[in-house]
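What's in upload_27.txt: compact mmCIF, C-alpha atoms
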# COMPACT_ATOMS: atom_id res chain seq x y z
CA MET A 4 138.21 97.96 124.53
CA ALA A 5 139.54 100.91 122.52
CA LEU A 6 140.03 98.73 119.43
CA ARG A 7 136.52 97.30 119.78
CA ASP A 8 134.97 100.75 120.08
CA GLY A 9 137.02 101.97 117.12
CA LEU A 10 135.81 99.11 114.92
CA ARG A 11 132.20 99.67 115.91
CA SER A 12 132.33 103.43 115.32
CA GLY A 13 134.24 103.24 112.02
CA ASP A 14 137.33 105.04 113.29
CA VAL A 15 139.26 101.79 112.71
CA HIS A 16 138.59 99.72 109.59
CA VAL A 17 139.86 96.41 108.22
CA PRO A 18 140.81 96.18 104.51
CA GLY A 19 138.81 93.48 102.72
CA SER A 20 136.20 93.26 105.49
CA ARG A 21 132.50 93.84 104.80
CA ARG A 22 131.42 94.56 108.36
CA TYR A 23 134.40 96.70 109.33
CA ALA A 24 135.16 98.27 105.94
CA ASP A 25 136.30 101.86 105.52
CA PRO A 26 133.13 104.03 105.56
CA ALA A 27 134.60 106.09 102.71
CA SER A 28 134.41 103.02 100.43
CA PHE A 29 130.60 103.36 100.39
CA LEU A 30 130.73 106.96 99.14
CA LEU A 31 131.00 108.39 95.66
CA THR A 32 134.37 109.91 94.80
CA PRO A 33 134.59 113.70 94.30
CA GLN A 34 134.91 113.09 90.55
CA GLN A 35 131.69 111.04 90.52
CA TRP A 36 129.81 113.46 92.76
CA GLU A 37 130.61 116.75 90.99
CA PRO A 38 128.42 116.16 87.86
CA GLN A 39 125.47 115.23 90.11
CA ARG A 40 125.93 117.99 92.66
CA LEU A 41 123.71 120.73 91.22
CA GLU A 42 120.88 118.38 90.30
CA PHE A 43 120.91 116.72 93.71
CA CYS A 44 121.01 120.02 95.63
CA HIS A 45 118.10 121.29 93.52
CA LEU A 46 116.14 118.10 94.27
CA VAL A 47 116.49 118.43 98.05
CA GLY A 48 116.13 122.22 98.07
CA LYS A 49 119.57 123.01 99.52
CA PRO A 50 122.23 125.44 98.28
CA ALA A 51 125.12 123.91 96.39
CA SER A 52 127.60 126.03 98.34
CA ALA A 53 128.68 124.71 101.72
CA ALA A 54 129.17 128.27 102.99
CA ALA A 55 125.59 129.22 102.07
CA ALA A 56 124.23 126.04 103.65
CA LEU A 57 126.15 126.67 106.89
CA THR A 58 124.95 130.28 106.99
CA LEU A 59 121.35 129.11 106.58
CA ALA A 60 121.78 126.51 109.33
CA ASP A 61 123.34 129.13 111.60
CA ASP A 62 120.35 131.45 111.09
CA GLU A 63 117.93 128.64 111.88
CA LEU A 64 119.88 127.78 115.03
CA HIS A 65 119.89 131.37 116.29
CA ALA A 66 116.16 131.72 115.59
CA ALA A 67 115.45 128.54 117.56
CA LEU A 68 117.63 129.70 120.45
CA SER A 69 115.83 133.05 120.52
CA ASP A 70 112.50 131.24 120.79
CA LEU A 71 113.88 129.06 123.60
CA GLU A 72 115.19 132.08 125.53
CA ALA A 73 111.79 133.76 125.26
CA GLN A 74 110.10 130.60 126.52
CA LEU A 75 112.47 130.30 129.49
CA ALA A 76 112.06 133.99 130.33
CA ARG A 77 108.29 133.50 130.62
CA GLY A 78 108.86 130.80 133.23
CA GLY A 79 106.42 128.24 131.89
CA GLY A 80 104.44 126.01 134.21
CA LYS A 81 103.97 122.27 134.35
CA GLY A 82 103.97 120.66 130.93
CA GLU A 83 106.13 123.40 129.36
CA VAL A 84 109.87 123.77 128.80
CA ARG A 85 111.23 125.61 131.84
CA LEU A 86 114.12 126.09 134.24
CA THR A 87 113.94 124.93 137.84
CA ARG A 88 115.11 127.06 140.76
CA ASP A 89 118.44 125.23 140.57
CA GLY A 90 118.84 126.18 136.91
CA GLU A 91 118.07 122.70 135.59
CA LEU A 92 116.43 122.55 132.16
CA VAL A 93 113.17 120.57 132.19
CA ILE A 94 111.83 119.23 128.88
CA PRO A 95 108.55 117.39 129.59
CA PRO A 96 107.18 114.71 127.25
CA LEU A 97 104.63 115.71 124.67
CA SER A 98 101.05 115.31 125.87
CA ALA A 99 98.53 113.34 123.85
CA GLU A 100 95.77 115.26 122.12
CA ASP A 101 92.23 114.64 123.33
CA VAL A 102 89.87 113.22 120.71
CA PRO A 103 86.58 115.17 120.64
CA ALA A 104 83.47 113.13 121.33
CA GLU A 105 82.05 114.10 117.92
CA ALA A 106 85.16 112.80 116.18
CA GLY A 107 84.96 109.52 118.09
CA ALA A 108 81.31 109.07 117.14
CA LEU A 109 82.08 109.84 113.47
CA ARG A 110 84.92 107.31 113.52
CA ASP A 111 82.59 104.62 114.87
CA ASP A 112 80.01 105.42 112.18
CA PHE A 113 82.62 105.07 109.44
CA SER A 114 83.88 101.81 110.93
CA ALA A 115 80.36 100.40 110.91
CA LEU A 116 80.13 101.08 107.15
CA LEU A 117 83.19 98.97 106.36
CA PRO A 118 82.31 95.39 105.36
CA ARG A 119 83.84 92.43 107.15
CA VAL A 120 85.73 90.40 104.55
CA PRO A 121 88.13 87.44 104.85
CA ILE A 122 91.80 88.36 104.90
CA ALA A 123 92.39 86.11 101.89
CA SER A 124 89.93 88.22 99.86
CA VAL A 125 91.76 91.40 100.88
CA LEU A 126 95.09 89.92 99.76
CA LEU A 127 93.60 88.83 96.43
CA GLU A 128 92.30 92.34 95.72
CA ILE A 129 95.59 93.96 96.72
CA ASP A 130 97.47 91.57 94.46
CA ALA A 131 95.11 92.36 91.58
CA ARG A 132 95.90 96.06 92.01
CA THR A 133 99.63 95.86 92.77
CA GLY A 134 100.85 92.49 91.46
CA PHE A 135 102.98 92.00 94.58
CA THR A 136 102.97 88.20 94.29
CA ASP A 137 104.82 88.52 90.96
CA ARG A 138 107.79 89.88 92.97
CA LEU A 139 107.97 86.59 94.89
CA THR A 140 110.24 84.81 92.44
CA HIS A 141 111.81 81.36 92.51
CA ALA A 142 115.25 81.22 94.12
CA GLY A 143 116.54 78.97 91.35
CA GLY A 144 115.40 81.26 88.55
CA LYS A 145 112.40 79.14 87.57
CA VAL A 146 110.20 81.20 85.24
CA SER A 147 107.07 79.07 84.87
CA ARG A 148 104.49 79.58 87.61
CA PRO A 149 101.95 76.77 88.24
CA PRO A 150 98.25 77.72 88.47
CA ASP A 151 98.11 76.94 92.20
CA LEU A 152 101.25 78.93 93.06
CA LYS A 153 99.45 82.19 93.89
CA ARG A 154 97.07 80.32 96.19
CA ASN A 155 99.97 78.71 98.03
CA LEU A 156 101.83 82.02 98.28
CA LEU A 157 98.84 83.65 99.98
CA TYR A 158 98.43 80.69 102.33
CA VAL A 159 102.07 80.97 103.38
CA ILE A 160 101.74 84.75 103.91
CA ILE A 161 98.69 84.29 106.16
CA ALA A 162 100.31 81.41 108.06
CA GLU A 163 103.46 83.38 108.79
CA ALA A 164 101.75 86.73 109.47
CA THR A 165 99.29 85.26 111.98
CA ASN A 166 101.79 82.87 113.62
CA MET A 167 99.48 80.04 112.64
CA GLY A 168 102.34 78.05 111.19
CA LEU A 169 102.38 75.93 108.05
CA GLY A 170 101.14 72.82 109.85
CA ALA A 171 97.95 74.43 111.13
CA MET A 172 97.44 76.17 107.78
CA ALA A 173 97.74 72.87 105.93
CA GLU A 174 95.07 71.34 108.15
CA SER A 175 92.81 74.39 107.74
CA CYS A 176 93.00 74.86 103.96
CA GLY A 177 93.50 71.27 102.83
CA VAL A 178 96.77 71.91 100.99
CA PRO A 179 99.53 69.41 101.85
CA TRP A 180 102.15 70.67 104.29
CA ASP A 181 105.03 69.77 101.98
CA SER A 182 103.57 71.98 99.22
CA LEU A 183 103.39 74.98 101.55
CA ALA A 184 106.86 74.27 102.95
CA TRP A 185 108.31 74.03 99.43
CA THR A 186 106.67 77.35 98.48
CA ALA A 187 108.02 79.06 101.60
CA GLU A 188 111.51 77.65 101.01
CA TRP A 189 111.87 78.69 97.36
CA TYR A 190 109.84 81.90 97.06
CA PHE A 191 110.15 83.73 100.39
CA ARG A 192 113.50 85.47 100.84
CA ALA A 193 114.52 88.86 102.15
CA GLU A 194 114.94 90.36 98.67
CA THR A 195 111.60 89.02 97.34
CA LEU A 196 109.69 90.17 100.41
CA GLU A 197 111.27 93.61 100.13
CA ALA A 198 110.32 93.85 96.44
CA ALA A 199 106.74 92.72 97.16
CA ASN A 200 106.39 95.26 99.96
CA ALA A 201 107.80 98.01 97.72
CA ALA A 202 105.14 97.26 95.09
CA ILE A 203 102.40 97.76 97.69
CA VAL A 204 103.98 100.90 99.15
CA ASN A 205 104.44 102.45 95.69
CA TYR A 206 100.82 101.79 94.74
CA HIS A 207 99.65 103.23 98.05
CA HIS A 208 101.90 106.27 97.53
CA ARG A 209 100.24 107.06 94.17
CA LEU A 210 96.67 107.00 95.51
CA PRO A 211 95.07 110.50 95.63
CA MET A 212 93.66 109.89 99.12
CA THR A 213 97.13 109.07 100.46
CA GLN A 214 98.26 112.65 99.86
CA THR A 215 95.87 113.83 102.58
CA PHE A 216 97.96 111.95 105.16
CA GLY A 217 101.32 113.32 104.03
CA THR A 218 103.70 113.76 101.14
CA GLY A 219 105.87 110.73 101.87
CA THR A 220 108.89 112.90 102.68
CA LEU A 221 108.68 112.42 106.47
CA SER A 222 109.28 109.08 108.18
CA SER A 223 109.98 107.62 111.60
CA SER A 224 111.47 104.38 112.87
CA ASP A 225 111.57 102.31 116.03
CA GLY A 226 112.57 98.84 117.18
CA GLN A 227 110.26 96.32 118.82
CA ARG A 228 111.81 93.56 120.90
CA PHE A 229 110.43 90.04 121.03
CA PRO A 230 111.58 87.05 123.10
CA VAL A 231 112.46 83.88 121.19
CA LYS A 232 112.94 80.27 122.15
CA GLY A 233 115.40 77.79 120.71
CA LYS A 234 118.66 78.56 118.94
CA SER A 235 118.99 81.64 116.75
CA LEU A 236 121.97 83.43 115.23
CA THR A 237 120.23 86.79 115.70
CA ALA A 238 118.87 86.35 119.23
CA ALA A 239 120.83 87.84 122.12
CA HIS A 240 120.51 88.01 125.89
CA LEU A 241 119.23 91.33 127.22
CA SER A 242 118.00 91.13 130.80
CA ARG A 243 116.21 94.48 130.60
CA TYR A 244 113.68 93.07 128.12
CA PHE A 245 113.97 89.28 128.22
CA ALA A 246 114.81 88.58 131.89
CA ARG A 247 116.97 85.45 131.69
CA GLY A 248 115.98 84.57 128.13
CA GLN A 249 117.01 85.94 124.77
CA GLY A 250 115.29 87.75 121.95
CA ILE A 251 115.50 89.79 118.77
CA SER A 252 114.54 93.27 117.63
CA THR A 253 112.52 94.16 114.54
CA TYR A 254 113.45 97.63 113.29
CA THR A 255 110.64 99.25 111.29
CA HIS A 256 110.38 102.41 109.17
CA VAL A 257 106.98 104.07 108.66
CA SER A 258 106.23 107.06 106.41
CA ASP A 259 103.86 109.93 107.16
CA GLN A 260 101.47 108.21 104.74
CA HIS A 261 101.22 105.33 107.24
CA SER A 262 103.04 102.83 105.02
CA THR A 263 105.73 100.51 106.39
CA PHE A 264 108.52 100.71 103.82
CA ASP A 265 111.36 98.87 105.58
CA THR A 266 111.61 96.20 108.28
CA LYS A 267 114.69 94.31 109.46
CA VAL A 268 115.26 91.67 112.10
CA ILE A 269 118.39 92.61 114.05
CA ALA A 270 120.09 91.63 117.26
CA ALA A 271 118.47 93.28 120.27
CA THR A 272 121.88 94.55 121.41
CA SER A 273 122.87 96.10 118.06
CA PRO A 274 123.15 99.91 117.70
CA GLU A 275 120.15 101.12 115.75
CA SER A 276 121.53 104.18 113.97
CA PRO A 277 123.12 102.27 111.02
CA TYR A 278 119.75 100.61 110.37
CA VAL A 279 118.05 104.03 110.48
CA LEU A 280 120.22 105.17 107.58
CA ASP A 281 119.97 101.88 105.71
CA GLY A 282 116.18 101.97 105.83
CA ILE A 283 116.05 105.53 104.48
CA LEU A 284 118.72 105.25 101.80
CA GLY A 285 118.52 101.61 100.78
CA ASN A 286 114.80 100.89 100.42
CA GLN A 287 113.36 100.15 96.98
CA THR A 288 110.26 102.34 97.19
CA ASP A 289 109.46 105.60 95.39
CA LEU A 290 109.30 107.54 98.67
CA GLN A 291 111.68 110.51 98.75
CA VAL A 292 112.32 110.79 102.48
CA THR A 293 113.93 114.13 103.39
CA GLU A 294 113.26 114.15 107.15
CA HIS A 295 113.35 111.34 109.66
CA ALA A 296 112.67 111.01 113.38
CA THR A 297 113.30 108.22 115.87
CA ASP A 298 111.62 107.52 119.19
CA THR A 299 112.22 110.62 121.30
CA HIS A 300 110.17 113.52 122.64
CA GLY A 301 112.25 116.16 124.32
CA VAL A 302 115.87 115.35 123.48
CA VAL A 303 116.65 115.77 119.78
CA VAL A 304 119.97 115.33 118.00
CA THR A 305 120.17 116.56 114.40
CA TRP A 306 122.60 114.79 112.08
CA ARG A 307 124.51 117.66 110.49
CA THR A 308 125.94 115.19 108.01
CA SER A 309 122.50 114.53 106.58
CA ARG A 310 120.96 117.94 107.12
CA CYS A 311 123.52 120.21 105.48
CA SER A 312 124.25 118.00 102.48
CA THR A 313 121.01 116.29 101.54
CA SER A 314 118.23 117.94 103.56
CA ARG A 315 117.61 114.65 105.33
CA ALA A 316 117.12 115.97 108.85
CA CYS A 317 117.25 113.16 111.40
CA SER A 318 116.08 113.41 114.99
CA CYS A 319 117.26 110.70 117.32
CA PRO A 320 117.63 110.04 121.06
CA PRO A 321 121.06 109.60 122.63
CA GLY A 322 120.36 105.90 123.11
CA SER A 323 120.23 105.16 119.39
CA ALA A 324 122.65 107.83 118.16
CA THR A 325 125.79 105.74 118.19
CA TRP A 326 127.11 106.38 114.71
CA GLY A 327 130.81 107.06 115.01
CA ARG A 328 132.96 109.95 113.89
CA SER A 329 133.21 110.28 110.15
CA PRO A 330 133.94 113.04 107.60
CA CYS A 331 130.99 115.29 106.90
CA THR A 332 129.81 113.54 103.76
CA GLY A 333 126.44 113.48 102.11
CA LEU A 334 124.04 110.56 102.10
CA GLY A 335 122.23 110.05 98.80
CA ARG A 336 119.76 107.51 97.50
CA GLY A 337 121.55 104.80 95.58
CA PRO A 338 120.21 102.52 92.83
CA ALA A 339 117.67 99.85 93.52
CA SER A 340 120.40 97.24 93.77
CA ARG A 341 122.21 97.29 97.10
CA PRO A 342 124.44 98.33 98.68
CA ALA A 343 123.49 101.88 97.79
CA THR A 344 126.23 104.38 97.07
CA ARG A 345 126.46 107.68 98.91
CA PRO A 346 127.57 110.89 97.18
CA GLN A 347 130.10 113.06 98.88
CA GLY A 348 128.56 116.22 100.28
CA THR A 349 129.42 119.86 100.12
CA CYS A 350 130.61 120.39 103.69
CA SER A 351 134.23 120.76 104.63
CA PRO A 352 136.04 118.08 106.65
CA ALA A 353 136.08 120.55 109.52
CA GLY A 354 132.39 119.88 109.88
CA SER A 355 132.88 116.28 110.99
CA THR A 356 130.75 115.28 113.92
CA THR A 357 130.12 112.48 116.38
CA ILE A 358 126.60 111.14 116.60

Rewrite the structure of this file - the entire thing - as structure tokens.
Amino acid sequence: MALRDGLRSGDVHVPGSRRYADPASFLLTPQQWEPQRLEFCHLVGKPASAAAALTLADDELHAALSDLEAQLARGGGKGEVRLTRDGELVIPPLSAEDVPAEAGALRDDFSALLPRVPIASVLLEIDARTGFTDRLTHAGGKVSRPPDLKRNLLYVIIAEATNMGLGAMAESCGVPWDSLAWTAEWYFRAETLEAANAAIVNYHHRLPMTQTFGTGTLSSSDGQRFPVKGKSLTAAHLSRYFARGQGISTYTHVSDQHSTFDTKVIAATSPESPYVLDGILGNQTDLQVTEHATDTHGVVVTWRTSRCSTSRACSCPPGSATWGRSPCTGLGRGPASRPATRPQGTCSPAGSTTI
């Protein structure tokens, strides 16, 4: 049991292994990091000195604790952070904001102005603006693209996205099933889908209207679990969600601009924290995420590793914060090709932490 936990947390590593490799092998060496240190710290708005960064974090912590003490001294009522008579700290969930009736009426009026168009027409217009179908390349390196390829690509996208299936799509659109199956087999892979999605996200990020939603520096992530039938290498038994069956989890990252920039299908029993980091640091979009939150309301754990070195503040619940003990090293955005490299941070090894 101890060896298993050590392998999962990274305390124990296996030379030559990809899954259980030494976490330090994914980091930049001190010699590689030093020339990039000042530029990177300037980019994320953090001091290059570890002592200055720790002093700033200490001031922020004391300010937050002072606010908490003032709140507890007031003895807040229901719906507020408070102490019970037994001294137990109560952190209630956040309450939903009420939508004013005027805002609801205005939303309905705007919705009525939007035309009803076929989904295929929407995809054609998005492709004309972003060229995302050009990122769906042939697995064998084939360069020539037949005239009917784009049509088949869109048919496959609609069939898979709506769970219609290629058979029903072939009957509906009149394209032979074997043509759609060949297109799906040779053009739809994890790397091509990721590149196509990045093209859409980048275009959306550059739109002037998108800036009213957010800057693209804040993101959140969560996993959705789905039951599956038949045999699957990813599916796992989890009685809490699938009773006596098995299922998978799709882990999704969404920015404050309401764009989904990373999605992975993982085992429902897998710890989620490594995928949180992979989605932030390994995606191919132009989003510069500096703060990230997972699904929690009251209980928040801040990753000092990310916060003090790269200004990527992460908030996560205890259930998903299973990243093991590791030296306090920075987490930087790597090149578009993966795996991304991580520069070593400015904190001292004494700042190592368990998440």

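Between atom CA of Leu221 of chain A and atom CA of Ala164 of chain A the interatomic distance comes to 26.8 Å.
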
Between atom CA of Gln74 of chain A and atom CA of Asp61 of chain A, what is the distance in Å, rounded to a tenth? 20.0 Å

Under the rule that all atoms listed in the file are counted, which of A:Gly217, A:Pro103, A:Gly285, A:Pro95 is the nearest residue to Ser258 of chain A?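 Once distances to Ser258 of chain A are computed over all atoms listed in the file, the minimum belongs to A:Gly217.
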
Which is closer to Val125 of chain A than all the others in A:Ala239, A:Val15, A:Leu210, A:Leu157, using all atoms listed in the file?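 Ranked by minimum distance to Val125 of chain A, first place goes to A:Leu157.
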
Counting only C-alpha atoms, the option among A:Tyr158, A:Ser124, A:Thr237, A:Thr87 closest to Ala173 of chain A: A:Tyr158

For Lys81 of chain A, find every residue with an atom within 12 Å (counting all atoms listed in the file), except residues of its own chain fewer than 3 positions away, and show them as a PyMOL selection string. chain A and resi 78+84-87+93-98

Residues at most 9 Å from segment 184-187 of chain A, counting only C-alpha atoms, excluding those fewer than 3 positions away in the same chain, as number ranges by chain? A: 141, 152, 155-156, 159-160, 169, 179-181, 190-192

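Of the listed residues (A:Ser222, A:Arg209, A:Gly248, A:His261), A:Ser222 comes nearest to Leu280 of chain A; the distances count only C-alpha atoms.
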
What is the distance between atom CA of Gly9 of chain A and atom CA of Lys267 of chain A, in Å to one decimal?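 Between atom CA of Gly9 of chain A and atom CA of Lys267 of chain A the gap works out to 24.8 Å.
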
Tell me, as a PyMOL selection string, which residues lie within 10 Å of Tyr244 of chain A, counting all atoms listed in the file; anything in the same chain fewer than 4 positions away does not count. chain A and resi 228-230+240+248-250+271
